[in-house]
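Participant: I have a structure here, written as C-alpha cells, and I will follow up with some questions on it.
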Amino acid sequence: MDVYRGRVKAQHNVISFGAYVSMFPQLIAGPIVRYADVEKQLKRRAISRAKFGEGVVWFITGLGKKVLLANNIGSVFESIQALGTSNTTVLTAWIGCFAYTMQIYFDFSGYSDMAIGLGKMLGFDFIQNFEYPYTAVSITDFWRRWHISLSSWFREYVYIPLGGNRVSAPKHIRNLLIVWTLTGLWHGAAWNFILWGLYYGIILVFEKYFLSDVLDRIPTALRRVYTLFLVMIGWMLFAANSLGEALAYIGTMFGVGGAGFANMTALYYLKSTAILGIFAIVCCTPFPNHQFRKMVYRRRQKPGQGLVITAYALILLISTAYLVNATYNPFLYFRF
C-alpha cells in the first residue's frame, strides 16, 4: 500500500526485504513496524555499545514487567476464573477484573519493551507502543496510549481511507464503527472480540458527539476513574473464552448470578493481593520512572552508573530466578 501511494520505493534487495519481513524482535505481537519506519535503517543504522546498553535496559525492564508483575498478578485472575461465576462474589469478581487489567498491561507492554530493546541491540529504533495508558482521562486518550502501533495502523490504512472525520457526522460514526469492528476481529474471530470492538466504537462515538464538553468540565481524577472503569469492563469481554462466559462474569461483578457481595474467599484474595496490587498501580504511572531518574542523575547531570547497574542487575537476577522455578508461561498477547 505504501509503495502504491508513493510513500516508499519498492524494495528489490531480497536480503533487505527478508530482514524486514522476518524481523524477529517484533514479529509475533508487535509493536507493528511499518516498512516506511525502518526503510532507511535497513540500509544504514547505528550500532554502538551505548545503543546496545540502551537496548539491554529496555529488555530488562520488559522482562521484569512480564515475569515479576504480569505472571504473579495474572495467577490471581486465573484462580478466580477457575472458581466459576456461581461461586464468585461481587468483590472477588472485581479483584479478578483488576488482576487481569494489570496482567494484560504488564504482559503486553513488557513484551513491547523487550522487542524495542532487542531492536536497539541490532541497531533498529522501533516506536514506543505504550505511554501509561491507565493514566488516560478518556477512552479517546486511552487509545492514543495503548498499543500505539495498532491504533496508528488502523488509522492510516482503514480510518483515513474511509474518510476519517472529514465527512458528515453519520459517515464519521460509520467509519468509527467499521474500524472498531475490524479491531475486534483482528484479535480473534469470536463474538466476544467483535462485541469488545463495538463496545469501544460506541463509547468513542459518545465521547466525540455527546460527552466531550462534560468530560472537560469534571476533575481529572474523576475522568481517570471513568476511563479505568470502562476499560476494566472491556477487558472482561477480552479475557473470556466466549461471549456467554464474558457476560456471565460481568454480571457477577454487578451482583447478577454470583454468590453474594463478599465472603472469606474474597477477603483472602483482597488481603493476599493487596501489596502486589498497590505496587502494580504505582508502576502503571510515570512516578517510578521519574523517581528513578532523580536518584540516578546527580550533579551536572552525570548518571550514577553504579546505582543503575545494580538496579537492573537485581531485576535481571530476580526475573531469572522466577523463570527457573516457573512453568512455561507464554506472553498473554500471543493468543490473539
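Here, A, B, ... name the chains of the C-alpha cells in the order displayed, residue numbers run from 1 inside each chain, and ligands are numbered from 1 in the same displayed order.
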I'd like the contact shell of region 76-93 of chain A - 10 Å cut-off, only C-alpha atoms, skipping same-chain residues fewer than 2 positions apart - returned as a PyMOL selection string.

Facilitator: chain A and resi 71-74+95-103+239-240+245+248-270+272-273

Participant: Could you take the residues named above and write them with N, CA and C atoms, as a CSV table (one decimal), in the first residue's frame?

Facilitator:
chain,number,residue,atom,x,y,z
A,71,ASN,N,3.0,-12.1,35.4
A,71,ASN,CA,2.8,-13.5,35.8
A,71,ASN,C,2.2,-13.7,37.2
A,72,ASN,N,2.7,-12.9,38.1
A,72,ASN,CA,2.2,-13.1,39.5
A,72,ASN,C,0.8,-12.6,39.7
A,73,ILE,N,0.5,-11.4,39.2
A,73,ILE,CA,-0.9,-10.9,39.3
A,73,ILE,C,-1.8,-11.7,38.4
A,74,GLY,N,-1.3,-12.2,37.3
A,74,GLY,CA,-2.2,-13.0,36.4
A,74,GLY,C,-2.7,-14.3,37.0
A,95,ILE,N,-11.9,-8.1,42.1
A,95,ILE,CA,-10.5,-8.4,42.3
A,95,ILE,C,-9.9,-9.1,41.1
A,96,GLY,N,-10.6,-10.1,40.5
A,96,GLY,CA,-10.1,-10.8,39.4
A,96,GLY,C,-10.0,-9.8,38.2
A,97,CYS,N,-11.0,-9.0,38.0
A,97,CYS,CA,-11.0,-8.0,36.9
A,97,CYS,C,-9.8,-7.1,37.0
A,98,PHE,N,-9.5,-6.6,38.2
A,98,PHE,CA,-8.4,-5.7,38.5
A,98,PHE,C,-7.1,-6.5,38.1
A,99,ALA,N,-7.0,-7.8,38.6
A,99,ALA,CA,-5.8,-8.6,38.3
A,99,ALA,C,-5.6,-8.7,36.8
A,100,TYR,N,-6.6,-9.0,36.0
A,100,TYR,CA,-6.4,-9.2,34.6
A,100,TYR,C,-6.1,-7.8,33.9
A,101,THR,N,-6.7,-6.7,34.4
A,101,THR,CA,-6.3,-5.4,33.9
A,101,THR,C,-4.9,-5.1,34.0
A,102,MET,N,-4.3,-5.5,35.2
A,102,MET,CA,-2.9,-5.3,35.4
A,102,MET,C,-2.0,-6.3,34.6
A,103,GLN,N,-2.5,-7.5,34.6
A,103,GLN,CA,-1.8,-8.6,33.9
A,103,GLN,C,-1.6,-8.2,32.4
A,239,ALA,N,-11.1,-11.1,28.0
A,239,ALA,CA,-10.4,-12.2,28.7
A,239,ALA,C,-11.1,-13.5,28.6
A,240,ALA,N,-12.4,-13.4,28.3
A,240,ALA,CA,-13.2,-14.7,28.3
A,240,ALA,C,-13.0,-15.5,27.1
A,245,GLU,N,-19.5,-16.6,28.5
A,245,GLU,CA,-18.6,-16.5,29.7
A,245,GLU,C,-18.3,-15.1,30.1
A,248,ALA,N,-21.5,-13.5,31.7
A,248,ALA,CA,-21.7,-14.1,33.0
A,248,ALA,C,-20.8,-13.5,34.0
A,249,TYR,N,-19.5,-13.3,33.7
A,249,TYR,CA,-18.5,-12.7,34.6
A,249,TYR,C,-18.9,-11.3,34.9
A,250,ILE,N,-19.2,-10.5,33.9
A,250,ILE,CA,-19.5,-9.1,34.1
A,250,ILE,C,-20.8,-9.0,34.9
A,251,GLY,N,-21.8,-9.9,34.7
A,251,GLY,CA,-23.0,-9.9,35.5
A,251,GLY,C,-22.6,-10.1,37.0
A,252,THR,N,-21.7,-11.1,37.3
A,252,THR,CA,-21.2,-11.3,38.6
A,252,THR,C,-20.6,-10.1,39.3
A,253,MET,N,-19.9,-9.3,38.5
A,253,MET,CA,-19.3,-8.1,39.0
A,253,MET,C,-20.4,-7.1,39.5
A,254,PHE,N,-21.6,-7.2,39.0
A,254,PHE,CA,-22.7,-6.3,39.4
A,254,PHE,C,-23.8,-7.0,40.1
A,255,GLY,N,-23.4,-8.2,40.7
A,255,GLY,CA,-24.3,-8.9,41.6
A,255,GLY,C,-25.3,-9.8,41.0
A,256,VAL,N,-25.2,-10.1,39.7
A,256,VAL,CA,-26.1,-10.9,39.0
A,256,VAL,C,-25.6,-12.3,38.9
A,257,GLY,N,-26.2,-13.3,39.5
A,257,GLY,CA,-25.9,-14.7,39.4
A,257,GLY,C,-24.7,-15.2,40.1
A,258,GLY,N,-24.2,-14.4,41.1
A,258,GLY,CA,-23.0,-14.7,41.8
A,258,GLY,C,-23.3,-15.3,43.2
A,259,ALA,N,-22.3,-15.2,44.1
A,259,ALA,CA,-22.5,-15.8,45.4
A,259,ALA,C,-22.6,-14.7,46.5
A,260,GLY,N,-23.3,-13.6,46.2
A,260,GLY,CA,-23.4,-12.5,47.2
A,260,GLY,C,-22.3,-11.5,46.9
A,261,PHE,N,-22.2,-10.6,47.9
A,261,PHE,CA,-21.2,-9.5,47.8
A,261,PHE,C,-19.8,-9.9,48.2
A,262,ALA,N,-19.6,-10.6,49.3
A,262,ALA,CA,-18.3,-10.9,49.7
A,262,ALA,C,-18.4,-12.1,50.6
A,263,ASN,N,-17.3,-12.9,50.7
A,263,ASN,CA,-17.2,-14.0,51.7
A,263,ASN,C,-15.7,-14.1,52.1
A,264,MET,N,-15.3,-15.2,52.8
A,264,MET,CA,-14.0,-15.4,53.2
A,264,MET,C,-13.0,-15.5,52.1
A,265,THR,N,-13.4,-16.1,51.0
A,265,THR,CA,-12.6,-16.3,49.8
A,265,THR,C,-12.2,-14.9,49.2
A,266,ALA,N,-13.2,-14.0,49.2
A,266,ALA,CA,-13.0,-12.7,48.7
A,266,ALA,C,-12.0,-11.9,49.5
A,267,LEU,N,-12.2,-12.0,50.9
A,267,LEU,CA,-11.3,-11.4,51.8
A,267,LEU,C,-9.8,-11.9,51.7
A,268,TYR,N,-9.7,-13.2,51.5
A,268,TYR,CA,-8.4,-13.8,51.3
A,268,TYR,C,-7.7,-13.2,50.1
A,269,TYR,N,-8.4,-13.2,49.0
A,269,TYR,CA,-7.8,-12.6,47.7
A,269,TYR,C,-7.5,-11.1,47.9
A,270,LEU,N,-8.3,-10.4,48.6
A,270,LEU,CA,-8.1,-9.0,48.9
A,270,LEU,C,-6.8,-8.8,49.7
A,272,SER,N,-4.3,-11.1,50.2
A,272,SER,CA,-3.1,-11.6,49.6
A,272,SER,C,-2.6,-10.9,48.4
A,273,THR,N,-3.5,-10.1,47.8
A,273,THR,CA,-3.2,-9.4,46.5
A,273,THR,C,-2.9,-7.9,46.8

Participant: With only C-alpha atoms as the counted atoms, please give the residues lying no more than 9 Å from Gly197 (chain A), apart from itself and same-chain residues fewer than 6 positions off, as a ChimeraX atom specification.

Facilitator: /A:177,179-185

Participant: With distances taken over only C-alpha atoms, which residue among A:Lys120, A:His172, A:His12, A:Lys43 lies nearest Trp58 (chain A)?

Facilitator: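 Residue with the minimum atom-to-atom distance to Trp58 (chain A): A:Lys120.
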
Participant: Excluding Ser112 (chain A) and its own-chain neighbours fewer than 2 positions away, which residues fall within 12 Å of it when counting only C-alpha atoms? Please give them as a PyMOL selection string.

Facilitator: chain A and resi 25-33+58-63+65-66+104-110+114-119+126-131+146-149+331+333

Participant: Can you work out the spacing between CA of Cys284 (chain A) and CA of Arg224 (chain A) in Å, to one decimal?

Facilitator: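 Pair CA of Cys284 (chain A) / CA of Arg224 (chain A) returns 12.8 Å.
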
Participant: Just give me the gap between CA of Glu39 (chain A) and CA of His187 (chain A) in Å, one decimal is fine.

Facilitator: 27.3 Å

Participant: One decimal, Å: what's the distance from CA of Arg45 (chain A) over to CA of Val14 (chain A), could you say?

Facilitator: 18.2 Å

Participant: Which residues in region 95-223 of chain A does DSSP call helix (DSSP H, G or I)? List them as a PyMOL selection string.

Facilitator: chain A and resi 95-121+133-135+139-145+148-159+169-187+191-217+220-223

Participant: If you keep C-alpha atoms, can you produce a file of those selected residues as a compact mmCIF listing (two decimals), in the first residue's frame?

Facilitator:
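Saved to result-v9.txt:
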# COMPACT_ATOMS: atom_id res chain seq x y z
CA ILE A 95 -10.46 -8.36 42.29
CA GLY A 96 -10.14 -10.76 39.35
CA CYS A 97 -11.03 -7.98 36.91
CA PHE A 98 -8.38 -5.73 38.46
CA ALA A 99 -5.82 -8.55 38.30
CA TYR A 100 -6.44 -9.17 34.59
CA THR A 101 -6.35 -5.42 33.89
CA MET A 102 -2.87 -5.27 35.40
CA GLN A 103 -1.75 -8.56 33.85
CA ILE A 104 -2.54 -7.65 30.26
CA TYR A 105 -0.85 -4.25 30.57
CA PHE A 106 2.38 -5.51 32.12
CA ASP A 107 2.44 -8.59 29.89
CA PHE A 108 1.97 -6.75 26.61
CA SER A 109 3.93 -3.60 27.45
CA GLY A 110 6.66 -5.86 28.80
CA TYR A 111 6.75 -7.76 25.51
CA SER A 112 6.87 -4.47 23.58
CA ASP A 113 9.71 -3.15 25.75
CA MET A 114 11.68 -6.36 25.18
CA ALA A 115 11.09 -6.11 21.42
CA ILE A 116 12.22 -2.48 21.38
CA GLY A 117 15.29 -3.48 23.40
CA LEU A 118 16.22 -6.32 21.07
CA GLY A 119 15.77 -3.96 18.13
CA LYS A 120 18.16 -1.42 19.66
CA MET A 121 20.75 -4.15 20.25
CA PRO A 133 -2.50 4.14 29.23
CA TYR A 134 -4.06 3.67 32.68
CA THR A 135 -3.47 7.36 33.42
CA ILE A 139 -11.33 6.42 26.24
CA THR A 140 -10.12 8.52 23.31
CA ASP A 141 -6.98 9.34 25.29
CA PHE A 142 -6.62 5.69 26.32
CA TRP A 143 -6.41 4.56 22.70
CA ARG A 144 -3.75 7.17 22.00
CA ARG A 145 -1.66 5.49 24.69
CA ILE A 148 0.00 2.79 19.77
CA SER A 149 1.31 0.94 16.72
CA LEU A 150 -2.01 -0.89 16.19
CA SER A 151 -4.06 2.30 16.59
CA SER A 152 -1.86 4.14 14.09
CA TRP A 153 -2.05 1.19 11.66
CA PHE A 154 -5.87 1.20 11.64
CA ARG A 155 -5.93 4.98 11.41
CA GLU A 156 -3.54 5.00 8.44
CA TYR A 157 -4.93 2.07 6.43
CA VAL A 158 -8.63 1.92 7.36
CA TYR A 159 -9.93 5.05 9.09
CA ALA A 169 -21.47 13.03 11.16
CA PRO A 170 -23.34 9.85 10.08
CA LYS A 171 -20.41 8.78 7.88
CA HIS A 172 -17.94 9.58 10.64
CA ILE A 173 -19.91 7.36 13.04
CA ARG A 174 -19.97 4.65 10.35
CA ASN A 175 -16.18 4.94 9.96
CA LEU A 176 -15.58 4.60 13.69
CA LEU A 177 -17.82 1.55 14.00
CA ILE A 178 -16.20 -0.14 10.98
CA VAL A 179 -12.70 0.46 12.36
CA TRP A 180 -13.57 -0.86 15.79
CA THR A 181 -15.44 -3.89 14.49
CA LEU A 182 -12.32 -4.74 12.49
CA THR A 183 -10.16 -4.08 15.55
CA GLY A 184 -12.21 -6.65 17.45
CA LEU A 185 -11.89 -9.17 14.60
CA TRP A 186 -8.16 -8.51 14.43
CA HIS A 187 -7.87 -10.04 17.92
CA TRP A 191 -18.35 -12.77 19.23
CA ASN A 192 -16.75 -11.53 22.43
CA PHE A 193 -13.98 -9.83 20.42
CA ILE A 194 -16.49 -8.31 17.99
CA LEU A 195 -18.54 -7.00 20.92
CA TRP A 196 -15.33 -5.71 22.53
CA GLY A 197 -14.55 -3.74 19.38
CA LEU A 198 -18.09 -2.36 19.06
CA TYR A 199 -18.07 -1.52 22.77
CA TYR A 200 -15.15 0.84 22.23
CA GLY A 201 -16.55 2.14 18.95
CA ILE A 202 -19.82 3.15 20.63
CA ILE A 203 -18.03 4.77 23.58
CA LEU A 204 -15.79 6.77 21.23
CA VAL A 205 -18.84 7.96 19.29
CA PHE A 206 -20.49 9.12 22.53
CA GLU A 207 -17.30 10.87 23.67
CA LYS A 208 -16.98 12.63 20.34
CA TYR A 209 -20.57 13.83 19.99
CA PHE A 210 -22.08 13.93 23.49
CA LEU A 211 -19.55 13.67 26.32
CA SER A 212 -16.59 15.83 25.31
CA ASP A 213 -17.91 19.02 26.96
CA VAL A 214 -18.95 17.14 30.09
CA LEU A 215 -15.57 15.44 30.42
CA ASP A 216 -13.77 18.76 30.01
CA ARG A 217 -15.64 20.19 33.00
CA THR A 220 -9.04 14.99 36.14
CA ALA A 221 -9.21 12.37 38.91
CA LEU A 222 -12.86 11.60 38.11
CA ARG A 223 -12.06 11.41 34.40
